[in-house]
Number of protein chains: 2
Amino acid sequence: MKLEAVDVRQSASAADIVYEALRKAIIEGDLAEGENLRQDHIAQMFNTSRIPVREALSRLEQHGLITTERYKGAVVAGLSIEEIEEIFEFRALIEAEVIRLAVPNLDRRTLDLARRHCEAFEQEENADHWGEINRNFHYSLYEGARRPYYLQIVRASLDRIDRYLRAQLTLTSGIARARREHKAILDACIARDAERASALTRDHIIDAGRSLIVFLREQRA
Amino acid sequence: MKLEAVDVRQSASAADIVYEALRKAIIEGDLAEGENLRQDHIAQMFNTSRIPVREALSRLEQHGLITTERYKGAVVAGLSIEEIEEIFEFRALIEAEVIRLAVPNLDRRTLDLARRHCEAFEQEENADHWGEINRNFHYSLYEGARRPYYLQIVRASLDRIDRYLRAQLTLTSGIARARREHKAILDACIARDAERASALTRDHIIDAGRSLIVFLREQRA
DNA sequence: CATAGAAATATTGGATCCAATATACAATCT
DNA sequence: AGATTGTATATTGGATCCAATATTTCTATG
């Protein structure tokens with residue numbers, strides 16, 4: 001007997017699909033802050049009933065991406081300047097630690113992968129792709145830390161502020177500095193200098209946070 | 001017109017109630033690791049249908065407290081030694097930072113409250129209450145940091161390992177050291193020594209993690 | 001014409017029903 | 001007997017229906 005094995009678990013539940021799609025739409029900024037999310041409407045878009053939609057919304061609420069109110073429905077959560085500052089401060093703490101833990105474990109293959117992501121980030125012209133490539137670069141290095149719990153939290157915290165970052169990168173000229181800083185972080189990793197990589201990552205995040213706050217203050221004023 | 005203001009949102013949804021009840025049962029160890037959670041069974045216990053139960057289970061899964069598999073149902077998640085180690089390491093990092101940020105903001109009232117929790121922890125004989133009082137003590141100090149996002153994550157990470165800690169505190173004589181360490185942390189806070197409070201908190205968590213791991217290795221061997 | 005109240009509509013949370021599938025067990029075959 | 005197939009049961013994910021309530025529209029009245 002000879003046949004191709006296919007993973008039969010390929011079909012995720014409807015709730016999973018809706019959850020992932022909404023999560024993606026929110027973090028990429030396709031759903032505007034404050035936008036109403038009607039269960040019925042979403043259910044029709046995904047050709048399903050409201051049950052899996054509600055489950056997806058419930059999960060999104062747990063992650064802080066939306067807020068819901070009975071009889072009123074769900075809206076995409078907006079963050080105050082203070083909340084955004086707090087998340088950046090938090091990310092700086094965690095990600096600096098993660099990269100410190102990762103450096104000793106980075107092998108040739110992983111560094112090559114990170115270098116490719118770094119180059120892709122330098123060369124990509126389409127601003128819509130920067131967020132994705134930025135994630136790929138950082139996460140490829142973070143994987144070396146072998147700390148799945150840390151990474152899960154890093155992902156969740158980036159999710160919450162990603163769309164603001166994307167908007168800012170697109171509308172301001174922060175991309176040049178981000179590119180330089182990525183290169184510096186990668187160099188420190190290649191040099192196996194965990195402390196330098198950690199400090200650079202910390203500064204990278206704090207800088208990004210600062211300019212985002214400046215940008216948002218102007219925009220919201 | 002004169003009437004007593006009552007919070008009309010007092011009636012949480014059935015899903016919220018089920019979620020909180022299951023969360024509490026899991027972190028307090030009332031539901032054993034690996035125990036099956038049948039939707040139907042839970043629904044009957046709460047006198048409701050399976051819909052809100054499913055929503056509650058979905059949220060618990062997002063927080064890592066249970067795992068679910070289609071057609072098989074949910075089981076209380078068990079953590080490997082490595083996962084527990086990682087969570088303790090993470091808590092040490094975050095909570096040390098939180099207390100450092102909190103110390104400058106601690107006012108007389110908050111310190112008094114923390115002192116009362118500390119004394120309650122010293123005097124409480126019933127091991128079933130230690131977990132609760134322990135949380136109260138630490139969180140009363142952490143509130144001073146005014147970092148809701150940090151605290152939310154601190155809560156979630158403590159949730160995941162709380163029942164192991166409770167089991168260990170009950171079965172070993174770690175309680176005496178925990179009491180001493182709490183007192184030392186409180187003293188550092190009263191003395192406004194943020195660095196000392198931070199270092200003590202870090203050690204407190206790392207110590208607790210170490211003895212828990214030792215305990216679990218024996219138990220699981 | 002503006003406004004208060006009433007009716008219609010929209011929308012959510014939950015109950016009940018249905019389809020899909022895993023597991024346990026009985027029946028059958030070698 | 002042991003392995004294999006078929007069937008009954010248990011259990012989940014999703015669809016449809018219902019009750020509660022917020023919002024909007026309409027109507028009557030000063």
# chains A, B, ... in the order shown; residues from 1 in each chain; ligands from 1
>>> interface_residues(of="chain D", to="chain A", cutoff="9 Å", atoms="only C-alpha atoms (C1' of nucleotides)", output="count of residues only")
7
>>> residues_around(residues="Glu132 of chain A", least_positions_apart="3", cutoff="10 Å", atoms="only C-alpha atoms (C1' of nucleotides)", output="list in words")
Glu28, Phe121, Ala127, Asp128, His129, Arg135, Asn136, Phe137, Asp162 and Arg166 of chain A
>>> select_by_dssp(residues="chain A", states="strand (DSSP E or B)", output="PyMOL selection string")
chain A and resi 36-37+66-69+73-76
>>> atom_distance(atom1="atom CA of Glu122 of chain B", atom2="atom CA of Ser140 of chain B")
16.1 Å
>>> atom_distance(atom1="atom CA of Arg202 of chain B", atom2="atom CA of Glu125 of chain B")
25.9 Å
>>> interface_residues(of="chain C", to="chain B", cutoff="9 Å", atoms="only C-alpha atoms (C1' of nucleotides)", output="list of chain:residue names")
C:DG13, C:DG14, C:DA15, C:DT16, C:DA20, C:DT21, C:DA22
>>> write_last_selection(atoms="C-alpha atoms (C1' of nucleotides)", output="CSV table (one decimal), in the first residue's frame")
chain,number,residue,atom,x,y,z
C,13,DG,C1',-27.1,36.0,25.8
C,14,DG,C1',-28.9,31.6,26.3
C,15,DA,C1',-31.8,27.1,25.3
C,16,DT,C1',-32.7,23.5,22.4
C,20,DA,C1',-20.1,14.7,13.1
C,21,DT,C1',-17.0,11.8,15.4
C,22,DA,C1',-14.6,9.4,19.1
>>> interface_residues(of="chain A", to="chain B", cutoff="9 Å", atoms="only C-alpha atoms", output="PyMOL selection string")
chain A and resi 13+51+54-56+58-59+62-63+70+83+86-87+90+93-94+97+147-150+153
>>> residues_around(residues="Arg217 of chain A", least_positions_apart="4", cutoff="12 Å", atoms="only C-alpha atoms (C1' of nucleotides)", output="JSON, numbers by chain")
{"A": [80, 81, 82, 84, 85, 168, 210, 211, 212, 213, 221]}
>>> write_last_selection(atoms="N, CA, C and O atoms", output="compact mmCIF listing (two decimals), in the first residue's frame")
# COMPACT_ATOMS: atom_id res chain seq x y z
N SER A 80 -5.32 54.15 25.56
CA SER A 80 -4.92 55.51 25.91
C SER A 80 -3.40 55.63 25.76
O SER A 80 -2.68 54.61 25.69
N ILE A 81 -2.93 56.86 25.73
CA ILE A 81 -1.48 57.09 25.66
C ILE A 81 -0.78 56.37 26.81
O ILE A 81 0.25 55.71 26.61
N GLU A 82 -1.38 56.45 28.01
CA GLU A 82 -0.76 55.84 29.19
C GLU A 82 -0.67 54.32 29.01
O GLU A 82 0.35 53.71 29.37
N ILE A 84 -0.51 52.65 26.25
CA ILE A 84 0.50 52.34 25.24
C ILE A 84 1.90 52.48 25.83
O ILE A 84 2.77 51.63 25.62
N GLU A 85 2.10 53.53 26.61
CA GLU A 85 3.41 53.70 27.27
C GLU A 85 3.73 52.50 28.14
O GLU A 85 4.85 51.99 28.13
N GLN A 168 2.27 54.44 12.47
CA GLN A 168 3.32 55.42 12.62
C GLN A 168 4.45 55.21 11.61
O GLN A 168 4.91 56.13 10.97
N ARG A 210 8.74 55.90 22.32
CA ARG A 210 8.78 57.36 22.44
C ARG A 210 8.26 58.03 21.19
O ARG A 210 7.41 58.92 21.26
N SER A 211 8.78 57.62 20.04
CA SER A 211 8.33 58.35 18.84
C SER A 211 6.87 58.05 18.54
O SER A 211 6.15 58.93 18.04
N LEU A 212 6.42 56.85 18.90
CA LEU A 212 4.99 56.57 18.71
C LEU A 212 4.13 57.48 19.57
O LEU A 212 3.13 58.04 19.11
N ILE A 213 4.56 57.68 20.81
CA ILE A 213 3.79 58.54 21.71
C ILE A 213 3.75 59.98 21.16
O ILE A 213 2.68 60.61 21.13
N ALA A 221 -4.36 65.30 19.26
CA ALA A 221 -4.57 66.65 19.80
C ALA A 221 -5.62 67.41 18.96
O ALA A 221 -5.90 67.05 17.82
>>> select_by_dssp(residues="segment 94-198 of chain B", states="alpha helix (DSSP H)", output="PDB file with C-alpha atoms, in the first residue's frame")
ATOM      1  CA  ILE B  94       8.273  40.870  36.331  1.00  0.00           C
ATOM      2  CA  GLU B  95       7.432  41.033  39.990  1.00  0.00           C
ATOM      3  CA  ALA B  96      10.872  42.327  40.926  1.00  0.00           C
ATOM      4  CA  GLU B  97      10.317  45.143  38.464  1.00  0.00           C
ATOM      5  CA  VAL B  98       6.766  45.797  39.654  1.00  0.00           C
ATOM      6  CA  ILE B  99       7.788  46.174  43.277  1.00  0.00           C
ATOM      7  CA  ARG B 100      10.664  48.446  42.252  1.00  0.00           C
ATOM      8  CA  LEU B 101       8.185  50.689  40.456  1.00  0.00           C
ATOM      9  CA  ALA B 102       5.746  50.502  43.352  1.00  0.00           C
ATOM     10  CA  ARG B 108       0.803  55.091  54.554  1.00  0.00           C
ATOM     11  CA  ARG B 109      -2.595  53.511  53.880  1.00  0.00           C
ATOM     12  CA  THR B 110      -1.219  50.981  51.412  1.00  0.00           C
ATOM     13  CA  LEU B 111       1.660  50.034  53.682  1.00  0.00           C
ATOM     14  CA  ASP B 112      -0.766  49.542  56.559  1.00  0.00           C
ATOM     15  CA  LEU B 113      -2.888  47.300  54.422  1.00  0.00           C
ATOM     16  CA  ALA B 114       0.142  45.281  53.343  1.00  0.00           C
ATOM     17  CA  ARG B 115       1.237  44.978  56.963  1.00  0.00           C
ATOM     18  CA  ARG B 116      -2.154  43.593  57.938  1.00  0.00           C
ATOM     19  CA  HIS B 117      -1.987  41.021  55.128  1.00  0.00           C
ATOM     20  CA  CYS B 118       1.541  40.140  56.214  1.00  0.00           C
ATOM     21  CA  GLU B 119       0.405  39.596  59.797  1.00  0.00           C
ATOM     22  CA  ALA B 120      -2.595  37.606  58.650  1.00  0.00           C
ATOM     23  CA  PHE B 121      -0.231  35.376  56.685  1.00  0.00           C
ATOM     24  CA  GLU B 122       1.902  34.898  59.782  1.00  0.00           C
ATOM     25  CA  GLN B 123      -1.016  33.982  61.985  1.00  0.00           C
ATOM     26  CA  TRP B 130      -2.484  30.732  52.636  1.00  0.00           C
ATOM     27  CA  GLY B 131      -2.710  31.060  48.874  1.00  0.00           C
ATOM     28  CA  GLU B 132      -5.353  33.747  49.102  1.00  0.00           C
ATOM     29  CA  ILE B 133      -3.546  35.749  51.797  1.00  0.00           C
ATOM     30  CA  ASN B 134      -0.245  35.402  49.978  1.00  0.00           C
ATOM     31  CA  ARG B 135      -1.832  36.956  46.902  1.00  0.00           C
ATOM     32  CA  ASN B 136      -3.388  39.727  48.938  1.00  0.00           C
ATOM     33  CA  PHE B 137      -0.060  40.627  50.478  1.00  0.00           C
ATOM     34  CA  HIS B 138       1.914  40.809  47.265  1.00  0.00           C
ATOM     35  CA  TYR B 139      -0.820  42.461  45.228  1.00  0.00           C
ATOM     36  CA  SER B 140      -1.472  45.124  47.848  1.00  0.00           C
ATOM     37  CA  LEU B 141       2.114  46.276  47.362  1.00  0.00           C
ATOM     38  CA  TYR B 142       2.069  45.789  43.590  1.00  0.00           C
ATOM     39  CA  PRO B 148      -2.510  47.525  35.295  1.00  0.00           C
ATOM     40  CA  TYR B 149      -1.066  45.699  32.290  1.00  0.00           C
ATOM     41  CA  TYR B 150       1.830  44.292  34.310  1.00  0.00           C
ATOM     42  CA  LEU B 151      -0.547  43.222  37.060  1.00  0.00           C
ATOM     43  CA  GLN B 152      -2.862  41.467  34.675  1.00  0.00           C
ATOM     44  CA  ILE B 153       0.051  39.381  33.452  1.00  0.00           C
ATOM     45  CA  VAL B 154       1.328  38.778  36.966  1.00  0.00           C
ATOM     46  CA  ARG B 155      -2.117  37.433  37.874  1.00  0.00           C
ATOM     47  CA  ALA B 156      -2.250  35.179  34.844  1.00  0.00           C
ATOM     48  CA  SER B 157       1.194  33.733  35.498  1.00  0.00           C
ATOM     49  CA  LEU B 158       0.451  33.125  39.166  1.00  0.00           C
ATOM     50  CA  ASP B 159      -2.824  31.449  38.184  1.00  0.00           C
ATOM     51  CA  ARG B 160      -0.939  28.827  36.235  1.00  0.00           C
ATOM     52  CA  ILE B 161       1.281  27.653  39.057  1.00  0.00           C
ATOM     53  CA  ASP B 162      -0.782  28.537  42.109  1.00  0.00           C
ATOM     54  CA  ARG B 163      -2.125  25.074  42.798  1.00  0.00           C
ATOM     55  CA  TYR B 164       1.361  23.570  42.787  1.00  0.00           C
ATOM     56  CA  LEU B 165       2.519  26.217  45.248  1.00  0.00           C
ATOM     57  CA  ARG B 166      -0.465  25.563  47.491  1.00  0.00           C
ATOM     58  CA  ALA B 167       0.137  21.830  47.467  1.00  0.00           C
ATOM     59  CA  GLN B 168       3.778  22.332  48.338  1.00  0.00           C
ATOM     60  CA  LEU B 169       3.145  24.878  51.115  1.00  0.00           C
ATOM     61  CA  THR B 170       0.616  22.516  52.639  1.00  0.00           C
ATOM     62  CA  LEU B 171       2.797  19.428  52.508  1.00  0.00           C
ATOM     63  CA  ILE B 175       5.651  28.353  55.211  1.00  0.00           C
ATOM     64  CA  ALA B 176       8.126  29.540  57.842  1.00  0.00           C
ATOM     65  CA  ARG B 177      10.555  30.838  55.264  1.00  0.00           C
ATOM     66  CA  ALA B 178       7.780  32.435  53.225  1.00  0.00           C
ATOM     67  CA  ARG B 179       6.715  34.320  56.373  1.00  0.00           C
ATOM     68  CA  ARG B 180      10.224  35.578  57.055  1.00  0.00           C
ATOM     69  CA  GLU B 181      10.672  36.680  53.459  1.00  0.00           C
ATOM     70  CA  HIS B 182       7.373  38.530  53.418  1.00  0.00           C
ATOM     71  CA  LYS B 183       8.376  40.440  56.508  1.00  0.00           C
ATOM     72  CA  ALA B 184      11.716  41.356  54.955  1.00  0.00           C
ATOM     73  CA  ILE B 185      10.036  42.604  51.782  1.00  0.00           C
ATOM     74  CA  LEU B 186       7.578  44.676  53.773  1.00  0.00           C
ATOM     75  CA  ASP B 187      10.404  46.184  55.830  1.00  0.00           C
ATOM     76  CA  ALA B 188      12.273  47.173  52.672  1.00  0.00           C
ATOM     77  CA  CYS B 189       9.127  48.852  51.369  1.00  0.00           C
ATOM     78  CA  ILE B 190       8.608  50.740  54.604  1.00  0.00           C
ATOM     79  CA  ALA B 194      13.154  49.973  46.143  1.00  0.00           C
ATOM     80  CA  GLU B 195      16.265  48.067  45.139  1.00  0.00           C
ATOM     81  CA  ARG B 196      16.232  45.934  48.251  1.00  0.00           C
ATOM     82  CA  ALA B 197      12.513  45.250  47.966  1.00  0.00           C
ATOM     83  CA  SER B 198      13.049  44.255  44.346  1.00  0.00           C
TER      84      SER B 198
END
>>> atom_distance(atom1="atom CA of Thr201 of chain B", atom2="atom CA of Ser173 of chain B")
19.6 Å
>>> closest_residue(among="A:Ala32, A:Leu106, A:Ala92, A:Ile26", to="Gly64 of chain A", atoms="only C-alpha atoms")
A:Ile26
>>> decode(residues="segment 3-15 of chain D", atoms="all heavy atoms", output="compact mmCIF listing (two decimals), in the first residue's frame")
# COMPACT_ATOMS: atom_id res chain seq x y z
P DA D 3 -4.72 -10.34 19.13
OP1 DA D 3 -3.26 -10.10 18.98
OP2 DA D 3 -5.46 -9.70 20.23
O5' DA D 3 -5.40 -9.93 17.75
C5' DA D 3 -5.06 -10.68 16.57
C4' DA D 3 -6.08 -10.42 15.48
O4' DA D 3 -7.37 -10.97 15.88
C3' DA D 3 -6.31 -8.94 15.17
O3' DA D 3 -6.30 -8.76 13.76
C2' DA D 3 -7.68 -8.65 15.78
C1' DA D 3 -8.38 -9.99 15.66
N9 DA D 3 -9.43 -10.24 16.65
C8 DA D 3 -9.33 -10.19 18.00
N7 DA D 3 -10.44 -10.46 18.65
C5 DA D 3 -11.34 -10.70 17.64
C6 DA D 3 -12.71 -11.05 17.65
N6 DA D 3 -13.42 -11.22 18.78
N1 DA D 3 -13.32 -11.23 16.46
C2 DA D 3 -12.61 -11.06 15.33
N3 DA D 3 -11.33 -10.75 15.20
C4 DA D 3 -10.75 -10.58 16.40
P DT D 4 -6.40 -7.30 13.11
OP1 DT D 4 -5.55 -7.25 11.93
OP2 DT D 4 -6.21 -6.33 14.22
O5' DT D 4 -7.92 -7.23 12.64
C5' DT D 4 -8.44 -8.29 11.83
C4' DT D 4 -9.91 -8.03 11.54
O4' DT D 4 -10.71 -8.38 12.69
C3' DT D 4 -10.25 -6.58 11.21
O3' DT D 4 -11.09 -6.55 10.07
C2' DT D 4 -10.97 -6.09 12.45
C1' DT D 4 -11.65 -7.37 12.94
N1 DT D 4 -11.98 -7.40 14.38
C2 DT D 4 -13.24 -7.76 14.77
O2 DT D 4 -14.13 -8.06 13.98
N3 DT D 4 -13.46 -7.77 16.13
C4 DT D 4 -12.54 -7.46 17.12
O4 DT D 4 -12.85 -7.51 18.30
C5 DT D 4 -11.23 -7.08 16.64
C7 DT D 4 -10.17 -6.73 17.63
C6 DT D 4 -11.01 -7.07 15.31
P DT D 5 -11.36 -5.17 9.29
OP1 DT D 5 -11.00 -5.35 7.87
OP2 DT D 5 -10.75 -4.09 10.08
O5' DT D 5 -12.95 -5.07 9.39
C5' DT D 5 -13.76 -6.21 9.09
C4' DT D 5 -15.11 -6.07 9.77
O4' DT D 5 -14.96 -6.18 11.21
C3' DT D 5 -15.82 -4.74 9.52
O3' DT D 5 -17.09 -4.99 8.94
C2' DT D 5 -15.93 -4.10 10.90
C1' DT D 5 -15.87 -5.30 11.82
N1 DT D 5 -15.37 -5.02 13.20
C2 DT D 5 -16.17 -5.29 14.29
O2 DT D 5 -17.30 -5.75 14.18
N3 DT D 5 -15.62 -4.99 15.51
C4 DT D 5 -14.35 -4.48 15.74
O4 DT D 5 -13.96 -4.27 16.89
C5 DT D 5 -13.56 -4.22 14.57
C7 DT D 5 -12.18 -3.66 14.72
C6 DT D 5 -14.10 -4.50 13.36
P DG D 6 -17.98 -3.78 8.38
OP1 DG D 6 -18.65 -4.24 7.15
OP2 DG D 6 -17.16 -2.56 8.36
O5' DG D 6 -19.09 -3.65 9.52
C5' DG D 6 -19.90 -4.78 9.83
C4' DG D 6 -20.72 -4.52 11.07
O4' DG D 6 -19.82 -4.38 12.21
C3' DG D 6 -21.56 -3.25 11.03
O3' DG D 6 -22.87 -3.56 11.50
C2' DG D 6 -20.83 -2.29 11.97
C1' DG D 6 -20.20 -3.24 12.98
N9 DG D 6 -19.00 -2.76 13.65
C8 DG D 6 -17.83 -2.33 13.06
N7 DG D 6 -16.92 -1.97 13.93
C5 DG D 6 -17.52 -2.18 15.16
C6 DG D 6 -17.02 -1.96 16.47
O6 DG D 6 -15.91 -1.54 16.80
N1 DG D 6 -17.96 -2.28 17.44
C2 DG D 6 -19.23 -2.77 17.18
N2 DG D 6 -19.99 -3.02 18.24
N3 DG D 6 -19.71 -2.97 15.96
C4 DG D 6 -18.80 -2.65 15.00
P DT D 7 -24.05 -2.49 11.35
OP1 DT D 7 -25.27 -3.21 10.90
OP2 DT D 7 -23.55 -1.33 10.59
O5' DT D 7 -24.26 -2.06 12.87
C5' DT D 7 -24.42 -3.08 13.87
C4' DT D 7 -24.50 -2.44 15.25
O4' DT D 7 -23.17 -2.09 15.72
C3' DT D 7 -25.32 -1.16 15.34
O3' DT D 7 -26.17 -1.25 16.47
C2' DT D 7 -24.28 -0.07 15.48
C1' DT D 7 -23.19 -0.79 16.27
N1 DT D 7 -21.82 -0.23 16.16
C2 DT D 7 -21.10 0.00 17.30
O2 DT D 7 -21.53 -0.24 18.41
N3 DT D 7 -19.84 0.50 17.10
C4 DT D 7 -19.25 0.80 15.88
O4 DT D 7 -18.11 1.25 15.84
C5 DT D 7 -20.06 0.55 14.73
C7 DT D 7 -19.51 0.84 13.36
C6 DT D 7 -21.30 0.04 14.91
P DA D 8 -27.32 -0.18 16.70
OP1 DA D 8 -28.61 -0.90 16.75
OP2 DA D 8 -27.14 0.93 15.75
O5' DA D 8 -26.97 0.32 18.16
C5' DA D 8 -26.63 -0.65 19.17
C4' DA D 8 -26.09 0.06 20.40
O4' DA D 8 -24.72 0.48 20.14
C3' DA D 8 -26.85 1.31 20.80
O3' DA D 8 -26.98 1.35 22.21
C2' DA D 8 -25.98 2.46 20.25
C1' DA D 8 -24.59 1.88 20.34
N9 DA D 8 -23.65 2.36 19.32
C8 DA D 8 -23.87 2.43 17.97
N7 DA D 8 -22.84 2.90 17.28
C5 DA D 8 -21.89 3.15 18.26
C6 DA D 8 -20.58 3.65 18.20
N6 DA D 8 -19.99 4.00 17.05
N1 DA D 8 -19.90 3.79 19.35
C2 DA D 8 -20.50 3.43 20.49
N3 DA D 8 -21.73 2.94 20.68
C4 DA D 8 -22.38 2.82 19.51
P DT D 9 -27.74 2.55 22.92
OP1 DT D 9 -28.44 2.00 24.09
OP2 DT D 9 -28.49 3.30 21.88
O5' DT D 9 -26.55 3.47 23.44
C5' DT D 9 -25.50 2.87 24.20
C4' DT D 9 -24.44 3.91 24.52
O4' DT D 9 -23.65 4.17 23.34
C3' DT D 9 -24.97 5.26 25.00
O3' DT D 9 -24.33 5.58 26.22
C2' DT D 9 -24.62 6.22 23.87
C1' DT D 9 -23.40 5.56 23.26
N1 DT D 9 -23.16 5.86 21.83
C2 DT D 9 -21.92 6.31 21.45
O2 DT D 9 -21.00 6.47 22.24
N3 DT D 9 -21.77 6.56 20.11
C4 DT D 9 -22.73 6.40 19.13
O4 DT D 9 -22.48 6.66 17.96
C5 DT D 9 -24.01 5.94 19.59
C7 DT D 9 -25.12 5.75 18.60
C6 DT D 9 -24.17 5.69 20.90
P DA D 10 -24.68 6.95 26.97
OP1 DA D 10 -24.69 6.68 28.41
OP2 DA D 10 -25.84 7.57 26.31
O5' DA D 10 -23.38 7.82 26.64
C5' DA D 10 -22.09 7.21 26.75
C4' DA D 10 -21.01 8.24 26.45
O4' DA D 10 -20.89 8.42 25.02
C3' DA D 10 -21.27 9.62 27.03
O3' DA D 10 -20.03 10.14 27.46
C2' DA D 10 -21.85 10.39 25.85
C1' DA D 10 -21.13 9.77 24.67
N9 DA D 10 -21.89 9.73 23.41
C8 DA D 10 -23.21 9.43 23.24
N7 DA D 10 -23.61 9.46 22.00
C5 DA D 10 -22.46 9.81 21.30
C6 DA D 10 -22.21 10.02 19.93
N6 DA D 10 -23.15 9.88 18.99
N1 DA D 10 -20.96 10.36 19.56
C2 DA D 10 -20.03 10.49 20.51
N3 DA D 10 -20.14 10.32 21.83
C4 DA D 10 -21.40 9.99 22.15
P DT D 11 -19.97 11.50 28.33
OP1 DT D 11 -18.84 11.38 29.26
OP2 DT D 11 -21.33 11.82 28.82
O5' DT D 11 -19.59 12.58 27.23
C5' DT D 11 -18.37 12.43 26.52
C4' DT D 11 -18.35 13.40 25.37
O4' DT D 11 -19.21 12.92 24.31
C3' DT D 11 -18.89 14.80 25.71
O3' DT D 11 -17.83 15.73 25.67
C2' DT D 11 -19.92 15.08 24.65
C1' DT D 11 -19.60 14.05 23.58
N1 DT D 11 -20.78 13.72 22.73
C2 DT D 11 -20.62 13.80 21.38
O2 DT D 11 -19.57 14.08 20.85
N3 DT D 11 -21.75 13.52 20.66
C4 DT D 11 -22.99 13.19 21.16
O4 DT D 11 -23.93 12.97 20.42
C5 DT D 11 -23.08 13.14 22.60
C7 DT D 11 -24.38 12.80 23.25
C6 DT D 11 -21.98 13.40 23.31
P DT D 12 -18.12 17.29 26.01
OP1 DT D 12 -17.17 17.63 27.07
OP2 DT D 12 -19.55 17.53 26.19
O5' DT D 12 -17.67 18.03 24.68
C5' DT D 12 -16.51 17.57 23.98
C4' DT D 12 -16.62 17.91 22.51
O4' DT D 12 -17.72 17.17 21.92
C3' DT D 12 -16.92 19.39 22.23
O3' DT D 12 -15.90 19.97 21.44
C2' DT D 12 -18.26 19.40 21.53
C1' DT D 12 -18.42 17.98 21.02
N1 DT D 12 -19.85 17.58 21.03
C2 DT D 12 -20.49 17.37 19.84
O2 DT D 12 -19.93 17.49 18.76
N3 DT D 12 -21.81 17.03 19.95
C4 DT D 12 -22.55 16.87 21.11
O4 DT D 12 -23.73 16.55 21.08
C5 DT D 12 -21.81 17.10 22.33
C7 DT D 12 -22.51 16.96 23.64
C6 DT D 12 -20.53 17.44 22.24
P DG D 13 -15.88 21.55 21.20
OP1 DG D 13 -14.47 21.92 21.03
OP2 DG D 13 -16.71 22.22 22.24
O5' DG D 13 -16.65 21.73 19.82
C5' DG D 13 -15.99 21.39 18.61
C4' DG D 13 -16.82 21.82 17.43
O4' DG D 13 -18.11 21.14 17.48
C3' DG D 13 -17.14 23.31 17.37
O3' DG D 13 -17.00 23.76 16.03
C2' DG D 13 -18.56 23.41 17.89
C1' DG D 13 -19.17 22.07 17.47
N9 DG D 13 -20.20 21.56 18.37
C8 DG D 13 -20.13 21.50 19.74
N7 DG D 13 -21.21 20.99 20.28
C5 DG D 13 -22.03 20.70 19.21
C6 DG D 13 -23.34 20.13 19.18
O6 DG D 13 -24.03 19.75 20.12
N1 DG D 13 -23.81 20.00 17.87
C2 DG D 13 -23.13 20.37 16.75
N2 DG D 13 -23.74 20.18 15.59
N3 DG D 13 -21.91 20.90 16.77
C4 DG D 13 -21.43 21.04 18.02
P DG D 14 -17.39 25.22 15.60
OP1 DG D 14 -16.61 25.56 14.40
OP2 DG D 14 -17.31 26.07 16.81
O5' DG D 14 -18.92 25.10 15.17
C5' DG D 14 -19.25 24.28 14.05
C4' DG D 14 -20.74 24.33 13.79
O4' DG D 14 -21.45 23.72 14.91
C3' DG D 14 -21.34 25.73 13.62
O3' DG D 14 -22.08 25.75 12.41
C2' DG D 14 -22.21 25.92 14.85
C1' DG D 14 -22.60 24.49 15.19
N9 DG D 14 -22.96 24.25 16.56
C8 DG D 14 -22.23 24.53 17.69
N7 DG D 14 -22.83 24.19 18.80
C5 DG D 14 -24.04 23.66 18.39
C6 DG D 14 -25.12 23.13 19.14
O6 DG D 14 -25.21 23.03 20.37
N1 DG D 14 -26.15 22.71 18.32
C2 DG D 14 -26.14 22.77 16.95
N2 DG D 14 -27.23 22.30 16.33
N3 DG D 14 -25.14 23.26 16.24
C4 DG D 14 -24.13 23.68 17.01
P DA D 15 -22.84 27.03 11.92
OP1 DA D 15 -22.58 27.14 10.48
OP2 DA D 15 -22.51 28.14 12.82
O5' DA D 15 -24.37 26.64 12.12
C5' DA D 15 -24.87 25.46 11.51
C4' DA D 15 -26.39 25.38 11.65
O4' DA D 15 -26.73 25.02 13.01
C3' DA D 15 -27.13 26.68 11.35
O3' DA D 15 -28.32 26.39 10.63
C2' DA D 15 -27.42 27.27 12.74
C1' DA D 15 -27.55 26.01 13.61
N9 DA D 15 -27.07 26.19 14.97
C8 DA D 15 -25.87 26.72 15.35
N7 DA D 15 -25.69 26.74 16.65
C5 DA D 15 -26.85 26.20 17.16
C6 DA D 15 -27.28 25.95 18.47
N6 DA D 15 -26.55 26.23 19.55
N1 DA D 15 -28.50 25.40 18.64
C2 DA D 15 -29.24 25.11 17.55
N3 DA D 15 -28.94 25.30 16.27
C4 DA D 15 -27.71 25.85 16.14
